[in-house]
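Enquirer: Quick one, upload-v1.pdb (PDB, C-alpha atoms, pLDDT in the B column):
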MODEL        1
ATOM      1  CA  ASP A   1     -17.404   3.924  11.237  1.00 66.00           C
ATOM      2  CA  GLY A   2     -16.209   3.792   7.636  1.00 75.00           C
ATOM      3  CA  GLY A   3     -13.480   1.483   6.520  1.00 94.00           C
ATOM      4  CA  ILE A   4     -12.344  -1.558   4.592  1.00 96.00           C
ATOM      5  CA  THR A   5     -13.043  -5.064   5.832  1.00 97.00           C
ATOM      6  CA  GLN A   6     -11.017  -8.018   4.599  1.00 97.00           C
ATOM      7  CA  SER A   7     -11.901 -11.599   5.420  1.00 96.00           C
ATOM      8  CA  PRO A   8     -10.788 -14.063   6.435  1.00 96.00           C
ATOM      9  CA  LYS A   9      -7.726 -12.901   8.362  1.00 96.00           C
ATOM     10  CA  TYR A  10      -5.982 -16.255   7.713  1.00 96.00           C
ATOM     11  CA  LEU A  11      -6.613 -18.646   4.833  1.00 94.00           C
ATOM     12  CA  PHE A  12      -5.126 -21.974   3.881  1.00 92.00           C
ATOM     13  CA  ARG A  13      -5.140 -23.397   0.378  1.00 88.00           C
ATOM     14  CA  LYS A  14      -4.720 -26.974  -0.723  1.00 89.00           C
ATOM     15  CA  GLU A  15      -2.957 -27.880  -3.941  1.00 84.00           C
ATOM     16  CA  GLY A  16      -5.174 -27.382  -6.981  1.00 86.00           C
ATOM     17  CA  GLN A  17      -7.742 -25.379  -5.059  1.00 91.00           C
ATOM     18  CA  ASN A  18      -9.120 -21.947  -5.861  1.00 94.00           C
ATOM     19  CA  VAL A  19      -9.701 -19.636  -2.904  1.00 95.00           C
ATOM     20  CA  THR A  20     -11.494 -16.293  -2.704  1.00 97.00           C
ATOM     21  CA  LEU A  21     -10.505 -13.360  -0.517  1.00 97.00           C
ATOM     22  CA  SER A  22     -13.208 -10.910   0.443  1.00 98.00           C
ATOM     23  CA  CYS A  23     -12.887  -7.107   0.452  1.00 98.00           C
ATOM     24  CA  GLU A  24     -15.765  -4.819   1.392  1.00 98.00           C
ATOM     25  CA  GLN A  25     -15.679  -1.029   1.828  1.00 97.00           C
ATOM     26  CA  ASN A  26     -18.272   1.410   3.121  1.00 96.00           C
ATOM     27  CA  LEU A  27     -16.342   4.564   2.255  1.00 95.00           C
ATOM     28  CA  ASN A  28     -18.307   5.124  -0.966  1.00 94.00           C
ATOM     29  CA  HIS A  29     -15.026   4.979  -2.898  1.00 94.00           C
ATOM     30  CA  ASP A  30     -15.055   4.335  -6.626  1.00 93.00           C
ATOM     31  CA  ALA A  31     -11.553   2.868  -6.942  1.00 93.00           C
ATOM     32  CA  MET A  32     -10.415  -0.386  -5.352  1.00 95.00           C
ATOM     33  CA  TYR A  33      -7.124  -2.265  -5.463  1.00 95.00           C
ATOM     34  CA  TRP A  34      -5.530  -5.595  -4.568  1.00 97.00           C
ATOM     35  CA  TYR A  35      -1.880  -5.812  -3.559  1.00 97.00           C
ATOM     36  CA  ARG A  36       0.405  -8.667  -2.627  1.00 97.00           C
ATOM     37  CA  GLN A  37       3.125  -8.249   0.008  1.00 96.00           C
ATOM     38  CA  ASP A  38       5.998 -10.701   0.425  1.00 95.00           C
ATOM     39  CA  PRO A  39       8.514 -10.541   3.307  1.00 88.00           C
ATOM     40  CA  GLY A  40      11.053  -7.786   2.762  1.00 80.00           C
ATOM     41  CA  GLN A  41       9.330  -6.663  -0.425  1.00 83.00           C
ATOM     42  CA  GLY A  42       7.267  -3.667  -1.366  1.00 86.00           C
ATOM     43  CA  LEU A  43       3.622  -4.035  -2.245  1.00 94.00           C
ATOM     44  CA  ARG A  44       2.901  -5.214  -5.760  1.00 94.00           C
ATOM     45  CA  LEU A  45      -0.333  -4.424  -7.571  1.00 94.00           C
ATOM     46  CA  ILE A  46      -2.434  -7.400  -8.683  1.00 97.00           C
ATOM     47  CA  TYR A  47      -5.642  -5.818  -9.999  1.00 97.00           C
ATOM     48  CA  TYR A  48      -7.461  -2.518  -9.694  1.00 95.00           C
ATOM     49  CA  SER A  49     -10.923  -1.237 -10.515  1.00 95.00           C
ATOM     50  CA  GLN A  50     -12.138   2.258 -11.240  1.00 91.00           C
ATOM     51  CA  ILE A  51     -15.872   1.574 -11.385  1.00 92.00           C
ATOM     52  CA  VAL A  52     -18.368  -1.255 -11.171  1.00 94.00           C
ATOM     53  CA  ASN A  53     -17.986  -3.931 -13.857  1.00 95.00           C
ATOM     54  CA  ASP A  54     -14.580  -2.617 -14.866  1.00 95.00           C
ATOM     55  CA  PHE A  55     -11.129  -3.723 -13.717  1.00 95.00           C
ATOM     56  CA  GLN A  56      -7.566  -3.661 -14.980  1.00 94.00           C
ATOM     57  CA  LYS A  57      -4.575  -5.946 -14.555  1.00 95.00           C
ATOM     58  CA  GLY A  58      -1.760  -4.737 -12.394  1.00 93.00           C
ATOM     59  CA  ASP A  59       1.858  -5.854 -12.477  1.00 91.00           C
ATOM     60  CA  ILE A  60       1.358  -9.437 -11.282  1.00 95.00           C
ATOM     61  CA  ALA A  61      -2.156 -10.483 -12.398  1.00 97.00           C
ATOM     62  CA  GLU A  62      -1.270 -13.987 -13.611  1.00 96.00           C
ATOM     63  CA  GLY A  63      -2.973 -16.664 -11.525  1.00 96.00           C
ATOM     64  CA  TYR A  64      -5.504 -14.250 -10.040  1.00 97.00           C
ATOM     65  CA  SER A  65      -8.996 -13.103 -10.982  1.00 98.00           C
ATOM     66  CA  VAL A  66     -11.360 -10.426  -9.669  1.00 98.00           C
ATOM     67  CA  SER A  67     -14.912  -9.173 -10.084  1.00 97.00           C
ATOM     68  CA  ARG A  68     -16.576  -5.842  -9.330  1.00 97.00           C
ATOM     69  CA  GLU A  69     -20.331  -6.417  -9.359  1.00 97.00           C
ATOM     70  CA  LYS A  70     -21.006  -3.933  -6.573  1.00 96.00           C
ATOM     71  CA  LYS A  71     -19.304  -0.663  -5.681  1.00 96.00           C
ATOM     72  CA  GLU A  72     -18.666  -1.886  -2.150  1.00 97.00           C
ATOM     73  CA  SER A  73     -17.126  -5.240  -3.007  1.00 98.00           C
ATOM     74  CA  PHE A  74     -13.980  -6.354  -4.853  1.00 98.00           C
ATOM     75  CA  PRO A  75     -13.255 -10.058  -4.200  1.00 98.00           C
ATOM     76  CA  LEU A  76      -9.981 -11.635  -5.301  1.00 98.00           C
ATOM     77  CA  THR A  77      -9.738 -15.275  -6.366  1.00 97.00           C
ATOM     78  CA  VAL A  78      -6.368 -16.976  -6.147  1.00 96.00           C
ATOM     79  CA  THR A  79      -6.529 -19.755  -8.707  1.00 94.00           C
ATOM     80  CA  SER A  80      -4.612 -23.016  -8.869  1.00 90.00           C
ATOM     81  CA  ALA A  81      -2.556 -21.439 -11.659  1.00 89.00           C
ATOM     82  CA  GLN A  82      -0.847 -19.239  -9.061  1.00 90.00           C
ATOM     83  CA  LYS A  83       2.074 -21.476  -8.116  1.00 88.00           C
ATOM     84  CA  ASN A  84       3.420 -19.377  -5.270  1.00 91.00           C
ATOM     85  CA  PRO A  85       0.373 -17.936  -3.505  1.00 93.00           C
ATOM     86  CA  THR A  86       1.794 -17.733   0.008  1.00 94.00           C
ATOM     87  CA  ALA A  87       1.765 -14.014   0.854  1.00 96.00           C
ATOM     88  CA  PHE A  88      -0.030 -11.231   2.693  1.00 97.00           C
ATOM     89  CA  TYR A  89      -2.846  -9.792   0.563  1.00 98.00           C
ATOM     90  CA  LEU A  90      -4.009  -6.228   1.032  1.00 97.00           C
ATOM     91  CA  CYS A  91      -7.101  -4.546  -0.350  1.00 97.00           C
ATOM     92  CA  ALA A  92      -7.304  -0.767  -0.683  1.00 95.00           C
ATOM     93  CA  SER A  93      -9.697   1.875  -1.910  1.00 95.00           C
ATOM     94  CA  SER A  94      -9.592   5.539  -2.860  1.00 91.00           C
ATOM     95  CA  ILE A  95     -12.127   8.124  -3.923  1.00 88.00           C
ATOM     96  CA  ASP A  96     -10.954   7.802  -7.510  1.00 78.00           C
ATOM     97  CA  LEU A  97      -7.880   6.936  -9.543  1.00 73.00           C
ATOM     98  CA  ALA A  98      -6.782  10.554  -9.969  1.00 70.00           C
ATOM     99  CA  GLY A  99      -4.350  10.356  -7.051  1.00 70.00           C
ATOM    100  CA  TYR A 100      -5.448  13.486  -5.203  1.00 73.00           C
ATOM    101  CA  GLN A 101      -6.618  11.478  -2.205  1.00 80.00           C
ATOM    102  CA  PRO A 102      -4.793   8.736  -0.315  1.00 86.00           C
ATOM    103  CA  GLN A 103      -5.508   5.056  -0.554  1.00 89.00           C
ATOM    104  CA  HIS A 104      -7.111   3.420   2.496  1.00 93.00           C
ATOM    105  CA  PHE A 105      -6.173  -0.142   3.368  1.00 95.00           C
ATOM    106  CA  GLY A 106      -7.807  -3.105   5.055  1.00 96.00           C
ATOM    107  CA  ASP A 107      -6.018  -5.260   7.639  1.00 95.00           C
ATOM    108  CA  GLY A 108      -5.062  -7.937   5.142  1.00 96.00           C
ATOM    109  CA  THR A 109      -5.478 -11.672   4.600  1.00 97.00           C
ATOM    110  CA  ARG A 110      -2.552 -14.018   5.118  1.00 96.00           C
ATOM    111  CA  LEU A 111      -2.689 -16.942   2.682  1.00 95.00           C
ATOM    112  CA  SER A 112      -0.676 -20.097   3.236  1.00 93.00           C
ATOM    113  CA  ILE A 113      -0.361 -23.441   1.469  1.00 87.00           C
ATOM    114  CA  LEU A 114      -1.326 -26.645   3.290  1.00 82.00           C
TER     115      LEU A 114
ATOM    116  CA  LYS B   1       9.332   2.875 -15.148  1.00 77.00           C
ATOM    117  CA  GLN B   2       9.130   4.350 -11.682  1.00 82.00           C
ATOM    118  CA  GLU B   3      11.309   2.729  -9.015  1.00 88.00           C
ATOM    119  CA  VAL B   4      11.170   3.686  -5.339  1.00 93.00           C
ATOM    120  CA  THR B   5      13.996   3.007  -2.885  1.00 95.00           C
ATOM    121  CA  GLN B   6      14.086   3.416   0.889  1.00 96.00           C
ATOM    122  CA  ILE B   7      17.330   3.452   2.820  1.00 93.00           C
ATOM    123  CA  PRO B   8      18.067   2.272   5.470  1.00 92.00           C
ATOM    124  CA  ALA B   9      15.999  -0.894   5.671  1.00 94.00           C
ATOM    125  CA  ALA B  10      16.002  -0.625   9.471  1.00 96.00           C
ATOM    126  CA  LEU B  11      16.667   2.118  11.991  1.00 96.00           C
ATOM    127  CA  SER B  12      16.847   2.053  15.790  1.00 97.00           C
ATOM    128  CA  VAL B  13      16.797   5.262  17.840  1.00 97.00           C
ATOM    129  CA  PRO B  14      16.337   6.254  21.496  1.00 97.00           C
ATOM    130  CA  GLU B  15      13.066   7.809  22.566  1.00 98.00           C
ATOM    131  CA  GLY B  16      12.882  11.581  22.107  1.00 97.00           C
ATOM    132  CA  GLU B  17      15.198  11.728  19.123  1.00 97.00           C
ATOM    133  CA  ASN B  18      14.250  13.583  15.960  1.00 97.00           C
ATOM    134  CA  LEU B  19      14.746  11.427  12.882  1.00 96.00           C
ATOM    135  CA  VAL B  20      14.501  11.448   9.105  1.00 97.00           C
ATOM    136  CA  LEU B  21      13.426   8.604   6.847  1.00 97.00           C
ATOM    137  CA  ASN B  22      14.501   8.747   3.221  1.00 97.00           C
ATOM    138  CA  CYS B  23      12.764   7.802   0.004  1.00 97.00           C
ATOM    139  CA  SER B  24      14.170   8.178  -3.498  1.00 96.00           C
ATOM    140  CA  PHE B  25      12.484   7.701  -6.860  1.00 91.00           C
ATOM    141  CA  THR B  26      13.823   7.401 -10.371  1.00 88.00           C
ATOM    142  CA  ASP B  27      11.273   9.303 -12.442  1.00 83.00           C
ATOM    143  CA  SER B  28      10.882  12.992 -11.605  1.00 79.00           C
ATOM    144  CA  ALA B  29       7.502  13.034 -13.355  1.00 80.00           C
ATOM    145  CA  ILE B  30       6.047  11.844 -10.083  1.00 81.00           C
ATOM    146  CA  TYR B  31       2.393  12.746  -9.651  1.00 79.00           C
ATOM    147  CA  ASN B  32       2.103  12.352  -5.907  1.00 87.00           C
ATOM    148  CA  LEU B  33       4.085  10.823  -3.074  1.00 91.00           C
ATOM    149  CA  GLN B  34       2.491   9.096  -0.109  1.00 93.00           C
ATOM    150  CA  TRP B  35       3.904   7.958   3.203  1.00 97.00           C
ATOM    151  CA  PHE B  36       2.314   5.031   5.022  1.00 96.00           C
ATOM    152  CA  ARG B  37       2.812   3.312   8.349  1.00 97.00           C
ATOM    153  CA  GLN B  38       2.456  -0.468   8.732  1.00 96.00           C
ATOM    154  CA  ASP B  39       2.293  -2.228  12.091  1.00 96.00           C
ATOM    155  CA  PRO B  40       3.199  -5.956  12.218  1.00 92.00           C
ATOM    156  CA  GLY B  41       0.535  -8.135  10.621  1.00 90.00           C
ATOM    157  CA  LYS B  42      -1.616  -5.139   9.771  1.00 92.00           C
ATOM    158  CA  GLY B  43      -2.597  -3.092   6.753  1.00 93.00           C
ATOM    159  CA  LEU B  44      -1.195   0.300   5.840  1.00 94.00           C
ATOM    160  CA  THR B  45      -2.236   3.569   7.427  1.00 95.00           C
ATOM    161  CA  SER B  46      -1.889   6.676   5.276  1.00 93.00           C
ATOM    162  CA  LEU B  47       0.199   9.347   7.016  1.00 96.00           C
ATOM    163  CA  LEU B  48       0.779  12.094   4.483  1.00 96.00           C
ATOM    164  CA  LEU B  49       0.196  12.693   0.777  1.00 93.00           C
ATOM    165  CA  ILE B  50       2.193  15.294  -1.152  1.00 92.00           C
ATOM    166  CA  GLN B  51       0.947  16.265  -4.577  1.00 87.00           C
ATOM    167  CA  SER B  52       3.435  17.181  -7.297  1.00 84.00           C
ATOM    168  CA  SER B  53       2.651  20.892  -6.970  1.00 87.00           C
ATOM    169  CA  GLN B  54       3.438  20.850  -3.242  1.00 90.00           C
ATOM    170  CA  ARG B  55       6.777  20.844  -1.430  1.00 92.00           C
ATOM    171  CA  GLU B  56       5.724  19.497   1.950  1.00 95.00           C
ATOM    172  CA  GLN B  57       2.902  18.384   4.195  1.00 95.00           C
ATOM    173  CA  THR B  58       2.662  18.349   7.981  1.00 97.00           C
ATOM    174  CA  SER B  59       0.568  16.375  10.428  1.00 96.00           C
ATOM    175  CA  GLY B  60       1.342  16.676  14.118  1.00 97.00           C
ATOM    176  CA  ARG B  61       4.922  15.508  14.727  1.00 98.00           C
ATOM    177  CA  LEU B  62       5.288  14.378  11.114  1.00 98.00           C
ATOM    178  CA  ASN B  63       6.566  16.440   8.207  1.00 98.00           C
ATOM    179  CA  ALA B  64       7.060  15.095   4.703  1.00 97.00           C
ATOM    180  CA  SER B  65       8.879  16.918   1.939  1.00 96.00           C
ATOM    181  CA  LEU B  66       9.117  16.314  -1.789  1.00 94.00           C
ATOM    182  CA  ASP B  67      11.961  17.411  -4.065  1.00 93.00           C
ATOM    183  CA  LYS B  68      11.137  16.293  -7.576  1.00 89.00           C
ATOM    184  CA  SER B  69      14.345  17.637  -9.095  1.00 90.00           C
ATOM    185  CA  SER B  70      16.535  15.463  -6.879  1.00 92.00           C
ATOM    186  CA  GLY B  71      14.114  12.541  -6.835  1.00 91.00           C
ATOM    187  CA  ARG B  72      13.820  12.493  -3.074  1.00 94.00           C
ATOM    188  CA  SER B  73      11.241  12.631  -0.318  1.00 96.00           C
ATOM    189  CA  THR B  74      11.881  12.683   3.404  1.00 97.00           C
ATOM    190  CA  LEU B  75       9.663  11.953   6.386  1.00 97.00           C
ATOM    191  CA  TYR B  76      10.704  13.857   9.491  1.00 98.00           C
ATOM    192  CA  ILE B  77       9.490  12.558  12.852  1.00 98.00           C
ATOM    193  CA  ALA B  78       9.937  14.917  15.787  1.00 98.00           C
ATOM    194  CA  ALA B  79      10.402  13.781  19.362  1.00 98.00           C
ATOM    195  CA  SER B  80      10.061  10.089  18.560  1.00 97.00           C
ATOM    196  CA  GLN B  81       8.080   7.801  20.887  1.00 98.00           C
ATOM    197  CA  PRO B  82       8.018   4.003  21.328  1.00 97.00           C
ATOM    198  CA  GLY B  83       4.552   4.054  19.742  1.00 97.00           C
ATOM    199  CA  ASP B  84       6.153   5.287  16.514  1.00 98.00           C
ATOM    200  CA  SER B  85       7.819   1.887  16.105  1.00 98.00           C
ATOM    201  CA  ALA B  86       6.544   0.448  12.818  1.00 98.00           C
ATOM    202  CA  THR B  87       7.539   0.018   9.193  1.00 97.00           C
ATOM    203  CA  TYR B  88       7.246   3.184   7.140  1.00 97.00           C
ATOM    204  CA  LEU B  89       6.632   2.889   3.405  1.00 97.00           C
ATOM    205  CA  CYS B  90       6.677   5.531   0.731  1.00 96.00           C
ATOM    206  CA  ALA B  91       4.903   5.185  -2.594  1.00 94.00           C
ATOM    207  CA  GLY B  92       4.682   7.346  -5.682  1.00 90.00           C
ATOM    208  CA  THR B  93       2.528   7.562  -8.749  1.00 83.00           C
ATOM    209  CA  GLN B  94       3.912   8.519 -12.094  1.00 70.00           C
ATOM    210  CA  GLY B  95       2.215  11.098 -14.263  1.00 60.00           C
ATOM    211  CA  GLY B  96      -0.248   9.397 -16.557  1.00 61.00           C
ATOM    212  CA  SER B  97      -0.490   6.291 -14.381  1.00 67.00           C
ATOM    213  CA  GLU B  98      -2.920   5.590 -11.603  1.00 69.00           C
ATOM    214  CA  LYS B  99      -0.671   2.990 -10.046  1.00 81.00           C
ATOM    215  CA  LEU B 100       1.287   3.464  -6.831  1.00 88.00           C
ATOM    216  CA  VAL B 101       4.855   2.134  -6.815  1.00 90.00           C
ATOM    217  CA  PHE B 102       5.999   1.185  -3.314  1.00 94.00           C
ATOM    218  CA  GLY B 103       9.393   1.141  -1.685  1.00 95.00           C
ATOM    219  CA  LYS B 104      10.320  -1.825   0.538  1.00 96.00           C
ATOM    220  CA  GLY B 105      10.017   0.259   3.691  1.00 96.00           C
ATOM    221  CA  THR B 106      12.144   1.291   6.651  1.00 97.00           C
ATOM    222  CA  LYS B 107      11.549  -0.588   9.903  1.00 96.00           C
ATOM    223  CA  LEU B 108      11.783   1.927  12.743  1.00 98.00           C
ATOM    224  CA  THR B 109      12.346   0.926  16.355  1.00 98.00           C
ATOM    225  CA  VAL B 110      12.143   3.610  19.044  1.00 98.00           C
ATOM    226  CA  ASN B 111      13.670   2.386  22.290  1.00 97.00           C
ATOM    227  CA  PRO B 112      12.308   3.626  25.643  1.00 96.00           C
TER     228      PRO B 112
ENDMDL
END
Please lay out the structure from this file as structure tokens.

Expert:
Amino acid sequence: DGGITQSPKYLFRKEGQNVTLSCEQNLNHDAMYWYRQDPGQGLRLIYYSQIVNDFQKGDIAEGYSVSREKKESFPLTVTSAQKNPTAFYLCASSIDLAGYQPQHFGDGTRLSIL
Amino acid sequence: KQEVTQIPAALSVPEGENLVLNCSFTDSAIYNLQWFRQDPGKGLTSLLLIQSSQREQTSGRLNASLDKSSGRSTLYIAASQPGDSATYLCAGTQGGSEKLVFGKGTKLTVNP
């Protein structure tokens, strides 16, 4: 059964700590994305990647970093520089960036501050 | 810059009613328009995607239309059921950009 797996479902961060959110897909999609969702807000794009070893900043990349070493994996690190990290983080993938096919989403990771 | 607006923010209807959810966008050079469903605490499920050359798409009880000239898209849900209760989001890409711009969503409640 193909899909996107995000882990963990819940994550807590201490002050000054970096945390990494996992995103794995077995859909054989080239493009992957990270979004942030705050209550009552639309999704905002953090980073996206078209192919392995390539990624681009989205609208709110400050305080975040990503890597794309494998086609299936696109982990997101929330660094200590991100002063307001509490949010619901969603990973998505699509066949490519052309927009002809829909984006598929994981079930999200909810990050909170201790 | 593309901006996407969804009104109303919340909608409550009795079971069996036909309903329309609205989405408006500022830039008519929209490349495609997608409708998603989000259940509480969950990710998004893609419902329908309308490419710029299309006027509408249908899937079961759902029908989505796109009018680029007026900057509007609608999602029509026929014979609504309590299981349709969720937040519905629309998102559009602008020509020349791979990025989806999301509206804030409409929270739909279908009462038995």

Enquirer: Suppose a student applies the PyMOL selection byres ((chain A and resi 89) around 12) to this structure; what residues should they get, written as a PyMOL selection string?

Expert: (chain A and resi 6-11+20-23+33-39+42-47+64+75-78+85-88+90-92+105-112) or (chain B and resi 41-44)

Enquirer: Pick the closest to Asp67 of chain B from B:Asn111, B:Ser85, B:Asn18, B:Gln51: which is it, counting only C-alpha atoms?

Expert: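 The shortest atom-to-atom distance to Asp67 of chain B comes from B:Gln51.
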
Enquirer: Could you list the residues chosen by the PyMOL selection byres ((chain B and resi 72-83) around 8) in this structure as a compact mmCIF listing (two decimals) with C-alpha atoms, in the coordinates of the input?

Expert:
# COMPACT_ATOMS: atom_id res chain seq x y z
CA PRO B 14 16.34 6.25 21.50
CA GLU B 15 13.07 7.81 22.57
CA GLY B 16 12.88 11.58 22.11
CA GLU B 17 15.20 11.73 19.12
CA ASN B 18 14.25 13.58 15.96
CA LEU B 19 14.75 11.43 12.88
CA VAL B 20 14.50 11.45 9.10
CA LEU B 21 13.43 8.60 6.85
CA ASN B 22 14.50 8.75 3.22
CA CYS B 23 12.76 7.80 0.00
CA SER B 24 14.17 8.18 -3.50
CA PHE B 25 12.48 7.70 -6.86
CA LEU B 33 4.08 10.82 -3.07
CA TRP B 35 3.90 7.96 3.20
CA ARG B 61 4.92 15.51 14.73
CA LEU B 62 5.29 14.38 11.11
CA ASN B 63 6.57 16.44 8.21
CA ALA B 64 7.06 15.10 4.70
CA SER B 65 8.88 16.92 1.94
CA LEU B 66 9.12 16.31 -1.79
CA ASP B 67 11.96 17.41 -4.07
CA LYS B 68 11.14 16.29 -7.58
CA SER B 69 14.34 17.64 -9.10
CA SER B 70 16.54 15.46 -6.88
CA GLY B 71 14.11 12.54 -6.84
CA ASP B 84 6.15 5.29 16.51
CA SER B 85 7.82 1.89 16.10
CA THR B 109 12.35 0.93 16.36
CA VAL B 110 12.14 3.61 19.04
CA ASN B 111 13.67 2.39 22.29
CA PRO B 112 12.31 3.63 25.64

Enquirer: Mind running chain B against chain A at 8 Å and telling me each contacting residue's nearest atom pair with the distance in Å (one decimal), counting only C-alpha atoms, chain and number ascending, as a Markdown table?

Expert:
| residue | atom | partner | partner_atom | distance |
| --- | --- | --- | --- | --- |
| B:Tyr31 | CA | A:Gly99 | CA | 7.6 |
| B:Asn32 | CA | A:Gly99 | CA | 6.9 |
| B:Gln34 | CA | A:Pro102 | CA | 7.3 |
| B:Gly41 | CA | A:Asp107 | CA | 7.8 |
| B:Lys42 | CA | A:Asp107 | CA | 4.9 |
| B:Gly43 | CA | A:Asp107 | CA | 4.1 |
| B:Leu44 | CA | A:Phe105 | CA | 5.6 |
| B:Thr45 | CA | A:Phe105 | CA | 6.8 |
| B:Ser46 | CA | A:Pro102 | CA | 6.6 |
| B:Leu49 | CA | A:Pro102 | CA | 6.5 |
| B:Gln51 | CA | A:Tyr100 | CA | 7.0 |
| B:Thr93 | CA | A:Gly99 | CA | 7.6 |
| B:Glu98 | CA | A:Leu97 | CA | 5.5 |
| B:Lys99 | CA | A:Leu45 | CA | 7.8 |
| B:Val101 | CA | A:Arg44 | CA | 7.7 |
| B:Phe102 | CA | A:Gly42 | CA | 5.4 |
| B:Gly103 | CA | A:Gly42 | CA | 5.3 |
| B:Lys104 | CA | A:Gly42 | CA | 4.0 |
| B:Gly105 | CA | A:Gly42 | CA | 7.0 |

Enquirer: Between atom CA of Asn18 of chain A and atom CA of Ile51 of chain A, what is the distance, to one decimal in Å?

Expert: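 Atom CA of Ile51 of chain A lies at a distance of 25.1 Å from atom CA of Asn18 of chain A.
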
Enquirer: In file coordinates, which residues lie within 8 Å of (-14.9, -3.0, 3.2) using all atoms listed in the file, given as JSON, numbers by chain?

Expert: {"A": [3, 4, 5, 6, 23, 24, 25, 26, 27, 72, 73, 106]}

Enquirer: Could you tell me how far atom CA of Lys107 of chain B sits from atom CA of Leu48 of chain B, in Å to one decimal place?

Expert: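 A separation of 17.5 Å between them.
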
Enquirer: When distances are computed from all atoms listed in the file, which of B:Thr87, B:Gln2, B:Ser53, B:Gln94 shows the smallest separation from Arg37 of chain B?

Expert: B:Thr87

Enquirer: For the atom pair atom CA of Phe55 of chain A and atom CA of Lys14 of chain A, what is the interatomic distance in Å to one decimal place?

Expert: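 One can read the atom CA of Phe55 of chain A to atom CA of Lys14 of chain A distance as 27.4 Å.
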
Enquirer: Taking all atoms listed in the file into account, which of B:Ser12, B:Thr106, B:Gln6, B:Gln57 comes nearest Thr26 of chain B?

Expert: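 Using all atoms listed in the file, Thr26 of chain B sits closest to B:Gln6.
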
Enquirer: Name the closest residue to Ala29 of chain B among the candidates B:Lys1, B:Thr58, B:Leu108, B:Tyr88; distances are taken between atoms, counting only C-alpha atoms.

Expert: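 Ranked by minimum distance to Ala29 of chain B, first place goes to B:Lys1.
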
Enquirer: Can you write segment 40-89 of chain B from the block above with C-alpha atoms, as an mmCIF file, in the first residue's frame?

Expert:
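The file below, decode_32.cif, is the result:
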data_model
loop_
_atom_site.group_PDB
_atom_site.id
_atom_site.type_symbol
_atom_site.label_atom_id
_atom_site.label_comp_id
_atom_site.auth_asym_id
_atom_site.auth_seq_id
_atom_site.Cartn_x
_atom_site.Cartn_y
_atom_site.Cartn_z
ATOM 1 C CA PRO B 40 -9.197 16.765 12.547
ATOM 2 C CA GLY B 41 -5.570 16.038 13.392
ATOM 3 C CA LYS B 42 -4.947 14.450 10.014
ATOM 4 C CA GLY B 43 -3.207 15.250 6.759
ATOM 5 C CA LEU B 44 -4.905 16.376 3.572
ATOM 6 C CA THR B 45 -6.697 14.089 1.152
ATOM 7 C CA SER B 46 -6.802 15.213 -2.470
ATOM 8 C CA LEU B 47 -10.375 15.332 -3.788
ATOM 9 C CA LEU B 48 -10.218 16.927 -7.213
ATOM 10 C CA LEU B 49 -7.656 18.683 -9.400
ATOM 11 C CA ILE B 50 -8.713 21.016 -12.213
ATOM 12 C CA GLN B 51 -6.085 22.031 -14.721
ATOM 13 C CA SER B 52 -6.208 25.492 -16.282
ATOM 14 C CA SER B 53 -7.511 24.116 -19.585
ATOM 15 C CA GLN B 54 -10.450 22.418 -17.852
ATOM 16 C CA ARG B 55 -13.711 23.866 -16.548
ATOM 17 C CA GLU B 56 -14.729 21.168 -14.093
ATOM 18 C CA GLN B 57 -14.002 17.775 -12.608
ATOM 19 C CA THR B 58 -16.348 15.249 -11.024
ATOM 20 C CA SER B 59 -15.840 12.423 -8.569
ATOM 21 C CA GLY B 60 -18.890 10.687 -7.161
ATOM 22 C CA ARG B 61 -21.011 13.243 -5.286
ATOM 23 C CA LEU B 62 -18.365 15.938 -5.738
ATOM 24 C CA ASN B 63 -18.101 18.407 -8.596
ATOM 25 C CA ALA B 64 -15.515 21.165 -8.790
ATOM 26 C CA SER B 65 -15.580 23.998 -11.288
ATOM 27 C CA LEU B 66 -13.001 26.584 -12.279
ATOM 28 C CA ASP B 67 -13.714 30.015 -13.758
ATOM 29 C CA LYS B 68 -10.406 31.729 -14.369
ATOM 30 C CA SER B 69 -11.951 34.933 -15.693
ATOM 31 C CA SER B 70 -13.851 35.579 -12.467
ATOM 32 C CA GLY B 71 -11.148 34.137 -10.229
ATOM 33 C CA ARG B 72 -13.437 31.586 -8.652
ATOM 34 C CA SER B 73 -13.728 27.872 -8.029
ATOM 35 C CA THR B 74 -16.612 26.051 -6.408
ATOM 36 C CA LEU B 75 -16.909 22.607 -4.858
ATOM 37 C CA TYR B 76 -20.416 21.192 -5.085
ATOM 38 C CA ILE B 77 -21.342 18.374 -2.707
ATOM 39 C CA ALA B 78 -24.562 16.538 -3.507
ATOM 40 C CA ALA B 79 -26.737 14.853 -0.914
ATOM 41 C CA SER B 80 -24.431 15.654 1.991
ATOM 42 C CA GLN B 81 -23.781 13.039 4.694
ATOM 43 C CA PRO B 82 -22.427 13.300 8.261
ATOM 44 C CA GLY B 83 -19.256 11.608 6.990
ATOM 45 C CA ASP B 84 -18.628 14.651 4.789
ATOM 46 C CA SER B 85 -17.947 16.709 7.921
ATOM 47 C CA ALA B 86 -14.373 17.985 7.618
ATOM 48 C CA THR B 87 -12.404 21.063 6.638
ATOM 49 C CA TYR B 88 -12.202 21.624 2.900
ATOM 50 C CA LEU B 89 -9.223 23.512 1.493
#
